[in-house]
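final_33.csv follows; it contains CSV, C-alpha atoms and all ligand atoms.
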chain,number,residue,atom,x,y,z
Z,22,MET,CA,33.0,-17.1,-8.9
Z,23,LEU,CA,29.9,-15.6,-10.6
Z,24,VAL,CA,27.8,-18.4,-9.1
Z,25,ALA,CA,29.1,-17.5,-5.6
Z,26,TRP,CA,28.2,-13.9,-6.2
Z,27,ILE,CA,24.7,-14.7,-7.4
Z,28,LEU,CA,24.1,-17.1,-4.4
Z,29,GLY,CA,25.5,-14.5,-2.0
Z,30,ALA,CA,23.3,-11.7,-3.4
Z,31,THR,CA,20.2,-14.0,-3.3
Z,32,ALA,CA,20.9,-15.0,0.3
Z,33,LEU,CA,21.3,-11.3,1.3
Z,34,ALA,CA,18.1,-10.3,-0.5
Z,35,ALA,CA,16.2,-13.2,1.2
Z,36,ALA,CA,17.6,-12.3,4.6
Z,37,SER,CA,16.7,-8.6,4.1
Z,38,LEU,CA,13.1,-9.6,3.2
Z,39,VAL,CA,12.7,-11.9,6.2
Z,40,LEU,CA,14.2,-9.5,8.7
Z,41,TRP,CA,12.1,-6.5,7.7
Z,42,SER,CA,9.0,-8.7,7.5
Z,43,LEU,CA,9.6,-9.8,11.1
Z,44,ARG,CA,10.3,-6.3,12.2
Z,45,TRP,CA,7.2,-4.8,10.7
Z,46,GLY,CA,4.8,-7.7,11.1
Z,47,ILE,CA,4.1,-8.3,7.4
Z,48,GLY,CA,6.1,-9.2,4.3
Z,49,PRO,CA,5.8,-7.5,0.9
Z,50,VAL,CA,3.1,-9.8,-0.4
Z,51,PRO,CA,1.7,-8.1,-3.5
Z,52,THR,CA,-2.0,-7.5,-4.1
Z,53,SER,CA,-3.1,-10.0,-6.8
Z,54,THR,CA,-4.2,-8.9,-10.2
Z,55,ARG,CA,-7.8,-9.9,-9.6
Z,56,VAL,CA,-8.0,-8.1,-6.3
Z,57,ARG,CA,-6.4,-5.0,-7.8
Z,58,LYS,CA,-8.9,-5.0,-10.7
Z,59,HIS,CA,-11.7,-5.3,-8.2
Z,60,LEU,CA,-10.4,-2.5,-6.0
Z,61,LEU,CA,-10.0,-0.1,-8.9
Z,62,THR,CA,-13.7,-0.6,-9.8
Z,63,LEU,CA,-14.8,0.5,-6.4
Z,64,LEU,CA,-12.9,3.8,-6.3
Z,65,PRO,CA,-14.5,7.1,-7.0
Z,66,ASP,CA,-13.6,9.0,-10.2
Z,67,VAL,CA,-13.6,12.4,-8.7
Z,68,PHE,CA,-12.2,13.6,-5.3
Z,69,GLU,CA,-9.7,16.0,-4.1
Z,70,GLY,CA,-6.4,15.6,-2.2
Z,71,THR,CA,-3.3,13.4,-2.2
Z,72,ILE,CA,-3.5,9.6,-2.6
Z,73,TYR,CA,-1.4,7.7,0.0
Z,74,GLU,CA,-0.5,4.1,-0.2
Z,75,LEU,CA,0.6,2.9,3.2
Z,76,GLY,CA,3.1,0.0,2.8
Z,77,ALA,CA,3.4,0.0,-1.0
Z,78,GLY,CA,5.5,-3.1,-1.4
Z,79,TRP,CA,6.7,-3.7,-4.9
Z,80,GLY,CA,4.1,-1.2,-6.4
Z,81,ALA,CA,1.2,-3.5,-7.3
Z,82,LEU,CA,-1.3,-0.9,-6.3
Z,83,ALA,CA,0.8,2.4,-6.2
Z,84,LEU,CA,1.6,2.3,-10.0
Z,85,PRO,CA,-1.9,1.6,-11.2
Z,86,LEU,CA,-3.2,4.3,-8.9
Z,87,ALA,CA,-0.8,6.8,-10.3
Z,88,LYS,CA,-1.9,5.9,-13.8
Z,89,ARG,CA,-5.6,6.0,-13.0
Z,90,TYR,CA,-5.3,9.4,-11.2
Z,91,PRO,CA,-2.8,11.5,-13.2
Z,92,LYS,CA,-4.0,14.7,-11.7
Z,93,HIS,CA,-3.4,13.5,-8.1
Z,94,THR,CA,-0.1,13.2,-6.3
Z,95,VAL,CA,0.3,9.6,-5.3
Z,96,VAL,CA,2.6,9.1,-2.3
Z,97,ALA,CA,3.9,5.6,-1.7
Z,98,TYR,CA,5.5,4.7,1.6
Z,99,GLU,CA,7.5,1.5,2.0
Z,100,ILE,CA,9.9,0.7,4.9
Z,101,SER,CA,11.5,-2.5,3.6
Z,102,PRO,CA,14.7,-1.7,1.6
Z,103,LEU,CA,14.4,-4.2,-1.2
Z,104,PRO,CA,10.8,-3.6,-2.2
Z,105,TYR,CA,11.4,0.2,-1.8
Z,106,LEU,CA,14.3,0.0,-4.3
Z,107,VAL,CA,12.3,-2.0,-6.8
Z,108,LEU,CA,9.3,0.3,-6.3
Z,109,SER,CA,11.5,3.4,-6.9
Z,110,ALA,CA,13.0,1.9,-10.0
Z,111,ARG,CA,9.5,0.9,-11.4
Z,112,SER,CA,8.2,4.3,-10.7
Z,113,LYS,CA,11.2,5.9,-12.5
Z,114,CYS,CA,10.8,3.5,-15.5
Z,115,ALA,CA,7.1,4.2,-15.7
Z,116,ALA,CA,7.9,8.0,-15.8
Z,117,LEU,CA,4.9,8.9,-13.7
Z,118,PRO,CA,5.4,12.6,-12.7
Z,119,ASN,CA,2.6,12.4,-10.1
Z,120,MET,CA,4.2,9.6,-8.1
Z,121,ARG,CA,6.4,10.0,-5.0
Z,122,VAL,CA,8.1,7.1,-3.4
Z,123,TYR,CA,9.6,7.3,0.1
Z,124,ARG,CA,11.3,4.9,2.4
Z,125,LYS,CA,9.4,5.9,5.5
Z,126,ASN,CA,7.5,4.5,8.4
Z,127,PHE,CA,3.9,5.5,7.5
Z,128,TYR,CA,2.9,5.8,11.2
Z,129,LYS,CA,5.1,8.9,11.2
Z,130,ALA,CA,3.7,10.4,8.0
Z,131,PRO,CA,1.1,13.2,8.2
Z,132,LEU,CA,-2.1,12.3,6.3
Z,133,ALA,CA,-4.1,15.5,6.8
Z,134,ASP,CA,-4.1,16.4,3.1
Z,135,ALA,CA,-5.3,12.9,2.0
Z,136,GLY,CA,-8.2,12.4,-0.4
Z,137,LEU,CA,-7.7,8.7,-0.6
Z,138,VAL,CA,-5.7,6.2,1.6
Z,139,VAL,CA,-5.1,2.7,0.3
Z,140,CYS,CA,-3.6,-0.2,2.3
Z,141,TYR,CA,-3.2,-3.9,2.5
Z,142,LEU,CA,-1.8,-4.7,5.9
Z,143,TYR,CA,-2.6,-6.9,8.9
Z,144,PRO,CA,-5.0,-6.6,11.9
Z,145,GLY,CA,-2.4,-5.0,14.3
Z,146,ALA,CA,-1.5,-2.3,11.8
Z,147,MET,CA,-5.2,-1.6,11.0
Z,148,GLU,CA,-5.9,-1.2,14.8
Z,149,ARG,CA,-3.0,1.3,15.0
Z,150,LEU,CA,-4.0,3.1,11.9
Z,151,LYS,CA,-7.6,3.4,13.0
Z,152,THR,CA,-6.4,5.9,15.8
Z,153,LYS,CA,-4.2,7.7,13.3
Z,154,PHE,CA,-7.0,8.0,10.7
Z,155,GLU,CA,-9.5,9.2,13.3
Z,156,GLN,CA,-7.0,11.9,14.4
Z,157,GLU,CA,-5.7,13.1,11.0
Z,158,LEU,CA,-8.1,12.3,8.1
Z,159,LYS,CA,-10.5,15.1,7.2
Z,160,PRO,CA,-14.2,14.4,6.6
Z,161,GLY,CA,-14.9,13.0,3.2
Z,162,THR,CA,-11.5,11.2,2.8
Z,163,TRP,CA,-11.8,7.8,1.1
Z,164,VAL,CA,-10.1,4.8,2.7
Z,165,LEU,CA,-9.8,1.6,0.7
Z,166,THR,CA,-8.4,-1.6,2.2
Z,167,HIS,CA,-8.5,-5.3,1.5
Z,168,THR,CA,-8.2,-8.6,3.4
Z,169,PHE,CA,-8.4,-6.6,6.7
Z,170,GLY,CA,-10.7,-3.7,7.4
Z,171,VAL,CA,-10.5,-0.8,9.8
Z,172,PRO,CA,-11.8,-2.3,13.1
Z,173,GLY,CA,-15.1,-0.8,14.3
Z,174,TRP,CA,-15.7,1.2,11.1
Z,175,GLU,CA,-18.8,0.7,9.0
Z,176,PRO,CA,-17.8,0.4,5.3
Z,177,LEU,CA,-19.6,2.4,2.8
Z,178,ALA,CA,-19.2,-0.5,0.4
Z,179,GLN,CA,-18.0,-4.0,1.0
Z,180,ALA,CA,-17.3,-6.6,-1.7
Z,181,VAL,CA,-15.6,-9.9,-2.3
Z,182,ALA,CA,-13.0,-10.2,-5.1
Z,183,ASP,CA,-13.3,-13.1,-7.5
Z,184,ASP,CA,-10.0,-14.6,-6.6
Z,185,ILE,CA,-9.6,-18.1,-5.0
Z,186,TYR,CA,-9.5,-16.6,-1.5
Z,187,HIS,CA,-12.7,-14.5,-2.0
Z,188,THR,CA,-10.7,-11.6,-0.6
Z,189,PRO,CA,-12.9,-9.1,1.2
Z,190,VAL,CA,-12.5,-5.5,0.0
Z,191,TYR,CA,-13.6,-2.5,2.2
Z,192,LEU,CA,-14.3,1.1,1.1
Z,193,TYR,CA,-14.8,3.7,3.8
Z,194,ARG,CA,-15.6,7.4,3.8
Z,195,VAL,CA,-14.5,9.4,6.8
Z,201,LIG,C1,1.2,-7.0,2.3
Z,201,LIG,S1,2.3,-5.8,1.7
Z,201,LIG,C2,1.3,-4.9,0.6
Z,201,LIG,C3,2.1,-4.3,-0.6
Z,201,LIG,C4,1.3,-3.5,-1.5
Z,201,LIG,N1,0.5,-2.5,-0.8
Z,201,LIG,C5,0.4,-4.3,-2.4
Z,201,LIG,O1,-0.9,-4.2,-2.1
Z,201,LIG,O2,0.8,-5.0,-3.3
Z,201,LIG,C6,2.6,-4.7,3.1
Z,201,LIG,C7,3.8,-3.8,3.0
Z,201,LIG,O3,3.7,-2.8,4.0
Z,201,LIG,C8,5.1,-2.6,4.4
Z,201,LIG,N2,5.0,-1.9,5.8
Z,201,LIG,C9,4.6,-2.5,6.9
Z,201,LIG,N3,4.6,-1.6,7.9
Z,201,LIG,C10,5.1,-0.5,7.4
Z,201,LIG,C11,5.4,0.8,8.0
Z,201,LIG,N4,5.1,1.1,9.3
Z,201,LIG,N5,5.8,1.8,7.1
Z,201,LIG,C12,6.0,1.5,5.8
Z,201,LIG,N6,5.8,0.3,5.2
Z,201,LIG,C13,5.3,-0.7,6.0
Z,201,LIG,C14,5.8,-3.9,4.4
Z,201,LIG,O4,7.2,-3.8,4.3
Z,201,LIG,C15,5.1,-4.5,3.1
Z,201,LIG,O5,5.9,-4.3,2.0
When written as structure tokens, how does the structure in this file appear?
Amino acid sequence: MLVAWILGATALAAASLVLWSLRWGIGPVPTSTRVRKHLLTLLPDVFEGTIYELGAGWGALALPLAKRYPKHTVVAYEISPLPYLVLSARSKCAALPNMRVYRKNFYKAPLADAGLVVCYLYPGAMERLKTKFEQELKPGTWVLTHTFGVPGWEPLAQAVADDIYHTPVYLYRV
């Protein structure tokens, strides 16, 4: 009986991940440790405004960001239910008072008060976000992304992480 419950729950979790990945064009693949370390070295120490993570997955970037910037509010948006639940639980366990986790479509979230926007998405999403960024982000806002950049934007800094994929990392300033 217990085995049947475990198998059923696992099948439901897998189905949920697959369906939401198909719906939103990307699964909750976490940023690797090496890429994360590299990203964090590129970020400025001082800036103003809210930090947004668009598509925060299981929290591989959102939690380290909230720890690194305790004086900034870190808003993590995730649409897929299972990663959202795990991220919420991790955020509560880590007791990070500056972290907010929302199950929300980030295309519908206002970004006007952003000081830093972080994302790891796919080309179609970056194309769509480019328009949103150009409409909403104020001058001076930092944008950090890896694997795929913002099409047509000139990065302020571009680097390659020392992982097996040589993942490209892009830092922009609006
Ligand atoms: C490749 S994962 C990156 C996860 C995390 N940012 C990291 O670096 O470890 C992309 C995440 O974006 C989420 N996502 C895609 N489109 C979204 C949308 N419109 N609103 C909120 N989350 C979205 C997916 O569910 C997925 O978990």
- Message: Taking all atoms listed in the file and a cut-off of 9 Å, can you tell me which residues surround ligand LIG 201 (chain Z), written as a PyMOL selection string?
- Response: chain Z and resi 38+41-42+44-53+57+74-83+97-102+104-105+123-130+139-143+146+167
- Task: Grab the atom CA of Met147 of chain Z to atom CA of Gly170 of chain Z distance for me, in Å with one decimal place.
- Result: 6.9 Å
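The two atoms in question, atom CA of Leu61 of chain Z and atom CA of Asp134 of chain Z, are spaced 21.2 Å apart.
Counting only C-alpha atoms and comparing Z:Gly29, Z:Gly70, Z:Pro189, Z:Pro85, the residue that lies closest to Thr166 of chain Z is Z:Pro189.
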- Mind checking which residues fall within 10 Å of Val181 of chain Z, counting all atoms listed in the file, ignoring those fewer than 4 positions away in the same chain, and posting them as a PyMOL selection string? chain Z and resi 56+59-60+167-168+186-191
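From atom CA of Val95 of chain Z back to atom CA of Ile72 of chain Z, the distance works out to 4.7 Å.
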- Task: Find the residue from Z:Ala178, Z:Leu84, Z:Val67, Z:Leu23 that sits nearest to Arg111 of chain Z; use all atoms listed in the file when measuring.
- Result: Z:Leu84
- Near Leu132 of chain Z, within 9 Å and counting all atoms listed in the file, which residues show up once chain neighbours fewer than 2 positions away are dropped, as a PyMOL selection string? chain Z and resi 71+73+130+134-135+138+153-154+157-159
Write out, as a CSV table (one decimal), in the frame of the given file, the residues just selected, with C-alpha atoms.
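Output below, filename out25.csv:
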chain,number,residue,atom,x,y,z
Z,71,THR,CA,-3.3,13.4,-2.2
Z,73,TYR,CA,-1.4,7.7,0.0
Z,130,ALA,CA,3.7,10.4,8.0
Z,134,ASP,CA,-4.1,16.4,3.1
Z,135,ALA,CA,-5.3,12.9,2.0
Z,138,VAL,CA,-5.7,6.2,1.6
Z,153,LYS,CA,-4.2,7.7,13.3
Z,154,PHE,CA,-7.0,8.0,10.7
Z,157,GLU,CA,-5.7,13.1,11.0
Z,158,LEU,CA,-8.1,12.3,8.1
Z,159,LYS,CA,-10.5,15.1,7.2
